>>> print(open('structure_11.txt').read())   # compact mmCIF, C-alpha atoms
# COMPACT_ATOMS: atom_id res chain seq x y z
CA MET K 203 -38.82 14.40 123.12
CA LEU K 204 -36.10 11.89 122.25
CA PRO K 205 -35.31 9.13 124.71
CA ALA K 206 -32.10 9.53 126.70
CA PRO K 207 -29.18 7.56 125.25
CA SER K 208 -28.39 4.27 126.90
CA LEU K 209 -25.37 4.38 129.17
CA ALA K 210 -24.81 0.63 128.86
CA PRO K 211 -22.13 -0.49 126.44
CA ALA K 212 -23.35 -1.84 123.15
CA PRO K 213 -23.41 -5.63 123.53
CA ASP K 214 -21.19 -6.10 120.51
CA SER K 215 -18.63 -3.44 121.47
CA PHE K 216 -16.49 -5.99 123.34
CA GLN K 217 -15.70 -7.68 120.01
CA TYR K 218 -13.36 -4.74 119.40
CA LEU K 219 -11.31 -5.12 122.57
CA ASP K 220 -8.76 -7.66 121.29
CA PRO K 221 -8.14 -5.77 118.01
CA ILE K 222 -7.63 -2.58 120.06
CA LEU K 223 -5.12 -4.35 122.32
CA HIS K 224 -3.29 -5.82 119.32
CA PHE K 225 -3.08 -2.39 117.69
CA LEU K 226 -1.71 -0.78 120.84
CA ALA K 227 0.94 -3.48 121.22
CA SER K 228 1.90 -3.06 117.54
CA ILE K 229 2.60 0.68 118.03
CA GLY K 230 4.69 0.07 121.14
CA LEU K 231 2.05 0.80 123.75
CA PRO K 232 1.21 -2.55 125.34
CA VAL K 233 -1.56 -2.87 127.89
CA ARG K 234 -1.03 -5.02 130.96
CA GLU K 235 -4.07 -7.06 131.92
CA THR K 236 -4.38 -7.46 135.66
CA PRO K 237 -7.13 -7.28 138.24
CA PHE K 238 -6.83 -4.25 140.51
CA ASP K 239 -8.81 -2.69 143.31
CA GLU K 240 -7.56 0.86 142.97
CA PRO K 241 -10.14 3.05 141.25
CA GLY K 242 -9.10 4.35 137.88
CA PHE K 243 -10.37 7.40 136.06
CA LEU K 244 -12.53 5.04 133.99
CA PRO K 245 -13.90 1.64 135.10
CA GLY K 246 -11.41 -1.15 134.53
CA LEU K 247 -8.58 1.13 133.42
CA LEU K 248 -5.68 2.63 135.31
CA ILE K 249 -2.55 4.44 134.23
CA ASP K 250 0.31 3.64 136.60
CA LYS K 251 3.81 4.99 135.97
CA GLY K 252 2.98 5.44 132.29
CA GLU K 253 1.65 1.92 131.87
CA LEU K 254 -1.97 1.23 130.97
CA LEU K 255 -3.53 -1.43 133.18
CA LEU K 256 -6.72 -3.23 132.18
CA ASP K 257 -9.09 -5.16 134.42
CA ARG K 258 -11.40 -6.89 131.89
CA ALA K 259 -13.90 -7.78 134.60
CA ARG K 260 -14.43 -4.11 135.45
CA LEU K 261 -14.14 -2.56 131.97
CA ARG K 262 -17.44 -1.07 130.77
CA TYR K 263 -16.52 0.45 127.40
CA PRO K 264 -13.74 -1.12 125.28
CA GLY K 265 -13.24 2.15 123.41
CA ASP K 266 -12.09 3.75 126.66
CA VAL K 267 -8.91 1.68 126.31
CA LEU K 268 -8.04 3.66 123.16
CA HIS K 269 -8.79 6.97 124.82
CA GLU K 270 -6.61 6.29 127.85
CA ALA K 271 -3.85 4.96 125.57
CA GLY K 272 -4.09 8.25 123.69
CA HIS K 273 -3.11 10.12 126.84
CA ILE K 274 0.04 8.05 127.07
CA ALA K 275 0.75 8.34 123.32
CA VAL K 276 0.63 12.15 123.18
CA THR K 277 2.87 12.53 126.23
CA VAL K 278 6.56 13.18 125.59
CA ALA K 279 8.40 9.85 125.86
CA ALA K 280 10.60 10.98 128.75
CA GLU K 281 7.51 12.00 130.76
CA ARG K 282 5.41 8.88 130.15
CA PRO K 283 6.78 7.02 133.21
CA LEU K 284 5.50 9.90 135.37
CA LEU K 285 1.86 9.49 134.31
CA GLY K 286 -0.52 8.26 136.97
CA ALA K 287 -4.20 7.61 137.56
CA ASN K 288 -5.21 11.26 137.24
CA ILE K 289 -3.34 12.59 134.22
CA THR K 290 -3.70 16.25 135.16
CA GLU K 291 -2.94 15.85 138.86
CA ASN K 292 0.21 17.89 139.51
CA HIS K 293 0.31 18.56 135.73
CA PRO K 294 -2.51 21.02 134.95
CA GLU K 295 -0.92 21.79 131.57
CA LYS K 296 -1.88 18.28 130.42
CA ALA K 297 -5.57 19.27 130.42
CA GLY K 298 -4.89 21.08 127.14
CA GLU K 299 -3.78 17.84 125.54
CA GLU K 300 -7.34 16.47 125.69
CA LEU K 301 -8.08 17.81 122.19
CA ALA K 302 -5.05 15.98 120.83
CA VAL K 303 -6.13 12.80 122.64
CA LEU K 304 -9.63 13.01 121.18
CA LEU K 305 -8.30 13.32 117.65
CA TRP K 306 -5.60 10.68 118.21
CA THR K 307 -8.38 8.35 119.32
CA TYR K 308 -10.43 9.15 116.23
CA ALA K 309 -7.41 8.42 114.00
CA ALA K 310 -6.94 5.09 115.79
CA CYS K 311 -10.59 4.22 115.16
CA ARG K 312 -10.12 4.96 111.47
CA GLN K 313 -6.89 2.94 111.36
CA LEU K 314 -8.65 -0.03 112.93
CA GLY K 315 -11.84 0.36 110.89
CA LEU K 316 -13.90 0.75 114.07
CA PRO K 317 -17.12 2.70 114.21
CA PRO K 318 -16.26 5.93 116.08
CA GLU K 319 -19.16 5.19 118.45
CA VAL K 320 -17.04 2.42 120.00
CA VAL K 321 -14.89 5.14 121.55
CA PHE K 322 -17.24 8.12 121.46
CA HIS K 323 -20.07 6.44 123.37
CA PRO K 324 -23.03 8.20 125.04
CA ALA K 325 -21.71 7.59 128.57
CA GLY K 326 -18.55 9.59 127.95
CA TYR K 327 -17.35 12.93 126.76
CA LYS K 328 -19.72 14.99 128.92
CA GLY K 329 -22.62 14.35 126.59
CA GLN K 330 -20.66 15.53 123.54
CA ALA K 331 -19.81 12.15 121.96
CA GLU K 332 -22.24 12.50 119.06
CA TRP K 333 -21.10 16.07 118.39
CA LEU K 334 -17.43 14.99 118.36
CA THR K 335 -18.16 12.16 115.95
CA THR K 336 -20.12 14.48 113.66
CA MET K 337 -17.30 17.05 113.70
CA PHE K 338 -14.57 14.53 112.99
CA ASP K 339 -16.53 12.62 110.35
CA SER K 340 -17.16 15.92 108.53
CA GLY K 341 -13.43 16.75 108.47
CA GLN K 342 -13.54 19.38 111.20
CA TYR K 343 -10.52 18.21 113.13
CA ILE K 344 -10.35 20.27 116.30
CA GLY K 345 -7.03 19.49 117.89
CA LEU K 346 -5.22 18.80 114.61
CA PRO K 347 -2.68 21.62 115.10
CA LEU K 348 -1.62 19.94 118.34
CA LEU K 349 -1.07 16.56 116.69
CA VAL K 350 0.90 18.24 113.90
CA TRP K 351 2.99 20.21 116.42
CA MET K 352 3.66 16.95 118.30
CA GLY K 353 5.03 15.43 115.08
CA LEU K 354 2.37 12.72 114.90
CA THR K 355 0.68 13.64 111.62
CA THR K 356 0.42 16.30 108.94
CA THR K 357 -2.47 18.61 108.19
CA GLU K 358 -2.80 17.20 104.69
CA GLY K 359 -2.37 13.56 105.68
CA PHE K 360 -4.73 13.28 108.63
CA PRO K 361 -6.39 10.94 109.67
CA ALA K 362 -3.32 8.93 108.65
CA MET K 363 -0.66 9.25 111.31
CA THR K 364 3.04 9.71 110.62
CA ARG K 365 3.72 8.03 113.96
CA TRP K 366 1.56 6.99 116.89
CA LEU K 367 3.79 7.83 119.85
CA ARG K 368 5.25 11.22 120.63
CA ALA K 369 9.03 11.29 120.75
>>> encode(input="structure_11.txt", output="structure tokens")
Amino acid sequence: MLPAPSLAPAPDSFQYLDPILHFLASIGLPVRETPFDEPGFLPGLLIDKGELLLDRARLRYPGDVLHEAGHIAVTVAAERPLLGANITENHPEKAGEELAVLLWTYAACRQLGLPPEVVFHPAGYKGQAEWLTTMFDSGQYIGLPLLVWMGLTTTEGFPAMTRWLRA
């Protein structure tokens, strides 16, 4: 029997936080660093009125910043200011965007040269992080039709993105 994966962040994963934040700012999706008491969907992260808030002291997995940013990025620009802590609350149709977010996040990892495990860590993705990484690394891009439909990439060009934010 294999040992259970560690749910603690890799000690070196925090080295990727500043490059992730720089990348997000460069694509027009800045992250505001601020301490907050309100619980977010993930530790140290909160989406408030379409803005991604980061509490470094509470953040457990730096790759989660990319994933939450992906939710904002794949949302239609006019609807971004309406996003809150629970993306699907009052918007159940947004649950279907999760596949697009997963693949957007993978493309961001590739763009940044990050190991996919920074985002797809054992503590997330309902135990499917390794499976997702294996699928994406082998070119099986579940969710790609959504990113193409959103105008963010092309089937032939992926994992390169035509643009990072949905119009």
>>> closest_residue(input="structure_11.txt", among="K:Asp257, K:Pro264, K:Glu299, K:Ala325", to="Ile344 (chain K)", atoms="all atoms listed in the file")
K:Glu299
>>> closest_residue(input="structure_11.txt", among="K:Pro361, K:Leu301, K:Asp250, K:Ala259", to="Pro283 (chain K)", atoms="all atoms listed in the file")
K:Asp250
>>> closest_residue(input="structure_11.txt", among="K:Leu244, K:Leu354, K:Val233, K:Leu348", to="Glu300 (chain K)", atoms="all atoms listed in the file")
K:Leu348
>>> atom_distance(input="structure_11.txt", atom1="CA of Gln217 (chain K)", atom2="CA of Tyr343 (chain K)")
27.3 Å
>>> residues_around(input="structure_11.txt", residues="Arg234 (chain K)", least_positions_apart="6", cutoff="10 Å", atoms="only C-alpha atoms", output="NGL selection string")
:K and (223 or 248 or 253-257)
>>> decode(input="structure_11.txt", residues="region 204-328 of chain K", atoms="C-alpha atoms", output="PDB file, in the first residue's frame")
ATOM      1  CA  LEU K 204       1.324   3.442  -0.933  1.00  0.00           C
ATOM      2  CA  PRO K 205       1.533   6.106   1.749  1.00  0.00           C
ATOM      3  CA  ALA K 206      -1.110   8.821   1.625  1.00  0.00           C
ATOM      4  CA  PRO K 207       0.088  12.016  -0.079  1.00  0.00           C
ATOM      5  CA  SER K 208       1.167  14.820   2.193  1.00  0.00           C
ATOM      6  CA  LEU K 209      -1.375  17.604   2.492  1.00  0.00           C
ATOM      7  CA  ALA K 210       1.281  20.117   3.525  1.00  0.00           C
ATOM      8  CA  PRO K 211       2.546  22.460   0.834  1.00  0.00           C
ATOM      9  CA  ALA K 212       5.924  21.625  -0.603  1.00  0.00           C
ATOM     10  CA  PRO K 213       8.422  23.801   1.286  1.00  0.00           C
ATOM     11  CA  ASP K 214       9.747  25.287  -1.937  1.00  0.00           C
ATOM     12  CA  SER K 215       6.340  26.013  -3.483  1.00  0.00           C
ATOM     13  CA  PHE K 216       6.257  29.519  -1.988  1.00  0.00           C
ATOM     14  CA  GLN K 217       9.161  30.496  -4.259  1.00  0.00           C
ATOM     15  CA  TYR K 218       6.575  30.592  -7.050  1.00  0.00           C
ATOM     16  CA  LEU K 219       4.202  33.046  -5.386  1.00  0.00           C
ATOM     17  CA  ASP K 220       5.843  36.286  -6.541  1.00  0.00           C
ATOM     18  CA  PRO K 221       6.227  35.102 -10.174  1.00  0.00           C
ATOM     19  CA  ILE K 222       2.545  34.087 -10.123  1.00  0.00           C
ATOM     20  CA  LEU K 223       1.533  37.524  -8.814  1.00  0.00           C
ATOM     21  CA  HIS K 224       3.713  39.268 -11.411  1.00  0.00           C
ATOM     22  CA  PHE K 225       2.162  37.186 -14.195  1.00  0.00           C
ATOM     23  CA  LEU K 226      -1.378  37.958 -13.045  1.00  0.00           C
ATOM     24  CA  ALA K 227      -0.643  41.690 -12.890  1.00  0.00           C
ATOM     25  CA  SER K 228       0.902  41.528 -16.387  1.00  0.00           C
ATOM     26  CA  ILE K 229      -2.314  40.068 -17.868  1.00  0.00           C
ATOM     27  CA  GLY K 230      -4.509  42.670 -16.178  1.00  0.00           C
ATOM     28  CA  LEU K 231      -5.614  40.618 -13.198  1.00  0.00           C
ATOM     29  CA  PRO K 232      -3.867  42.139 -10.184  1.00  0.00           C
ATOM     30  CA  VAL K 233      -4.150  40.577  -6.753  1.00  0.00           C
ATOM     31  CA  ARG K 234      -4.638  42.800  -3.724  1.00  0.00           C
ATOM     32  CA  GLU K 235      -2.645  41.688  -0.707  1.00  0.00           C
ATOM     33  CA  THR K 236      -4.475  42.362   2.524  1.00  0.00           C
ATOM     34  CA  PRO K 237      -5.142  40.539   5.757  1.00  0.00           C
ATOM     35  CA  PHE K 238      -8.769  39.479   6.142  1.00  0.00           C
ATOM     36  CA  ASP K 239     -10.835  37.534   8.623  1.00  0.00           C
ATOM     37  CA  GLU K 240     -13.613  36.462   6.308  1.00  0.00           C
ATOM     38  CA  PRO K 241     -13.207  32.825   5.285  1.00  0.00           C
ATOM     39  CA  GLY K 242     -12.504  32.298   1.632  1.00  0.00           C
ATOM     40  CA  PHE K 243     -13.132  29.210  -0.443  1.00  0.00           C
ATOM     41  CA  LEU K 244      -9.423  28.423  -0.073  1.00  0.00           C
ATOM     42  CA  PRO K 245      -7.156  29.459   2.834  1.00  0.00           C
ATOM     43  CA  GLY K 246      -5.734  32.943   2.368  1.00  0.00           C
ATOM     44  CA  LEU K 247      -7.738  33.709  -0.773  1.00  0.00           C
ATOM     45  CA  LEU K 248     -10.995  35.535  -1.285  1.00  0.00           C
ATOM     46  CA  ILE K 249     -12.795  36.821  -4.345  1.00  0.00           C
ATOM     47  CA  ASP K 250     -14.674  40.008  -3.515  1.00  0.00           C
ATOM     48  CA  LYS K 251     -16.552  41.934  -6.210  1.00  0.00           C
ATOM     49  CA  GLY K 252     -14.367  40.328  -8.871  1.00  0.00           C
ATOM     50  CA  GLU K 253     -11.119  41.184  -7.128  1.00  0.00           C
ATOM     51  CA  LEU K 254      -8.762  38.505  -5.843  1.00  0.00           C
ATOM     52  CA  LEU K 255      -7.613  39.174  -2.287  1.00  0.00           C
ATOM     53  CA  LEU K 256      -4.565  37.443  -0.832  1.00  0.00           C
ATOM     54  CA  ASP K 257      -3.654  37.059   2.830  1.00  0.00           C
ATOM     55  CA  ARG K 258      -0.068  35.704   2.662  1.00  0.00           C
ATOM     56  CA  ALA K 259      -0.126  34.711   6.318  1.00  0.00           C
ATOM     57  CA  ARG K 260      -3.068  32.361   5.721  1.00  0.00           C
ATOM     58  CA  LEU K 261      -2.205  31.074   2.236  1.00  0.00           C
ATOM     59  CA  ARG K 262      -1.339  27.360   2.240  1.00  0.00           C
ATOM     60  CA  TYR K 263      -0.754  26.605  -1.444  1.00  0.00           C
ATOM     61  CA  PRO K 264       0.615  29.324  -3.762  1.00  0.00           C
ATOM     62  CA  GLY K 265      -0.786  27.525  -6.805  1.00  0.00           C
ATOM     63  CA  ASP K 266      -4.286  28.144  -5.469  1.00  0.00           C
ATOM     64  CA  VAL K 267      -3.758  31.807  -6.389  1.00  0.00           C
ATOM     65  CA  LEU K 268      -3.614  30.796 -10.074  1.00  0.00           C
ATOM     66  CA  HIS K 269      -6.691  28.626  -9.781  1.00  0.00           C
ATOM     67  CA  GLU K 270      -8.815  31.330  -8.171  1.00  0.00           C
ATOM     68  CA  ALA K 271      -7.515  33.868 -10.705  1.00  0.00           C
ATOM     69  CA  GLY K 272      -8.651  31.463 -13.409  1.00  0.00           C
ATOM     70  CA  HIS K 273     -12.228  31.771 -12.174  1.00  0.00           C
ATOM     71  CA  ILE K 274     -12.036  35.519 -12.631  1.00  0.00           C
ATOM     72  CA  ALA K 275     -10.268  35.225 -16.010  1.00  0.00           C
ATOM     73  CA  VAL K 276     -12.858  32.944 -17.637  1.00  0.00           C
ATOM     74  CA  THR K 277     -15.771  35.093 -16.471  1.00  0.00           C
ATOM     75  CA  VAL K 278     -17.202  37.561 -18.972  1.00  0.00           C
ATOM     76  CA  ALA K 279     -15.659  40.981 -18.261  1.00  0.00           C
ATOM     77  CA  ALA K 280     -19.000  42.640 -17.510  1.00  0.00           C
ATOM     78  CA  GLU K 281     -19.795  39.963 -14.901  1.00  0.00           C
ATOM     79  CA  ARG K 282     -16.437  39.932 -13.103  1.00  0.00           C
ATOM     80  CA  PRO K 283     -17.436  42.650 -10.596  1.00  0.00           C
ATOM     81  CA  LEU K 284     -20.315  40.396  -9.498  1.00  0.00           C
ATOM     82  CA  LEU K 285     -18.058  37.515  -8.432  1.00  0.00           C
ATOM     83  CA  GLY K 286     -17.891  36.793  -4.732  1.00  0.00           C
ATOM     84  CA  ALA K 287     -16.433  34.316  -2.271  1.00  0.00           C
ATOM     85  CA  ASN K 288     -18.482  31.381  -3.539  1.00  0.00           C
ATOM     86  CA  ILE K 289     -18.310  31.558  -7.329  1.00  0.00           C
ATOM     87  CA  THR K 290     -21.355  29.379  -7.927  1.00  0.00           C
ATOM     88  CA  GLU K 291     -23.561  30.903  -5.235  1.00  0.00           C
ATOM     89  CA  ASN K 292     -26.556  32.389  -7.053  1.00  0.00           C
ATOM     90  CA  HIS K 293     -24.809  31.395 -10.324  1.00  0.00           C
ATOM     91  CA  PRO K 294     -25.064  27.588 -10.614  1.00  0.00           C
ATOM     92  CA  GLU K 295     -24.184  27.792 -14.314  1.00  0.00           C
ATOM     93  CA  LYS K 296     -20.641  28.805 -13.319  1.00  0.00           C
ATOM     94  CA  ALA K 297     -19.997  25.282 -11.984  1.00  0.00           C
ATOM     95  CA  GLY K 298     -19.578  24.182 -15.609  1.00  0.00           C
ATOM     96  CA  GLU K 299     -16.717  26.617 -16.050  1.00  0.00           C
ATOM     97  CA  GLU K 300     -14.528  24.562 -13.694  1.00  0.00           C
ATOM     98  CA  LEU K 301     -13.119  22.557 -16.625  1.00  0.00           C
ATOM     99  CA  ALA K 302     -12.112  25.775 -18.362  1.00  0.00           C
ATOM    100  CA  VAL K 303     -10.529  27.053 -15.136  1.00  0.00           C
ATOM    101  CA  LEU K 304      -8.522  23.850 -14.708  1.00  0.00           C
ATOM    102  CA  LEU K 305      -7.131  24.081 -18.216  1.00  0.00           C
ATOM    103  CA  TRP K 306      -6.562  27.855 -17.974  1.00  0.00           C
ATOM    104  CA  THR K 307      -4.551  27.151 -14.834  1.00  0.00           C
ATOM    105  CA  TYR K 308      -2.523  24.481 -16.606  1.00  0.00           C
ATOM    106  CA  ALA K 309      -1.776  26.900 -19.473  1.00  0.00           C
ATOM    107  CA  ALA K 310      -0.639  29.500 -16.928  1.00  0.00           C
ATOM    108  CA  CYS K 311       1.699  26.938 -15.344  1.00  0.00           C
ATOM    109  CA  ARG K 312       3.194  26.210 -18.750  1.00  0.00           C
ATOM    110  CA  GLN K 313       3.523  29.926 -19.528  1.00  0.00           C
ATOM    111  CA  LEU K 314       5.351  30.494 -16.251  1.00  0.00           C
ATOM    112  CA  GLY K 315       7.454  27.334 -16.498  1.00  0.00           C
ATOM    113  CA  LEU K 316       6.037  26.052 -13.203  1.00  0.00           C
ATOM    114  CA  PRO K 317       5.734  22.388 -12.386  1.00  0.00           C
ATOM    115  CA  PRO K 318       2.000  21.596 -12.651  1.00  0.00           C
ATOM    116  CA  GLU K 319       2.171  20.130  -9.139  1.00  0.00           C
ATOM    117  CA  VAL K 320       2.451  23.691  -7.780  1.00  0.00           C
ATOM    118  CA  VAL K 321      -1.203  24.158  -8.703  1.00  0.00           C
ATOM    119  CA  PHE K 322      -2.419  20.570  -8.890  1.00  0.00           C
ATOM    120  CA  HIS K 323      -1.319  19.612  -5.381  1.00  0.00           C
ATOM    121  CA  PRO K 324      -2.489  16.547  -3.401  1.00  0.00           C
ATOM    122  CA  ALA K 325      -4.648  18.605  -1.018  1.00  0.00           C
ATOM    123  CA  GLY K 326      -6.864  19.893  -3.813  1.00  0.00           C
ATOM    124  CA  TYR K 327      -8.979  18.743  -6.683  1.00  0.00           C
ATOM    125  CA  LYS K 328     -10.863  16.074  -4.725  1.00  0.00           C
TER     126      LYS K 328
END
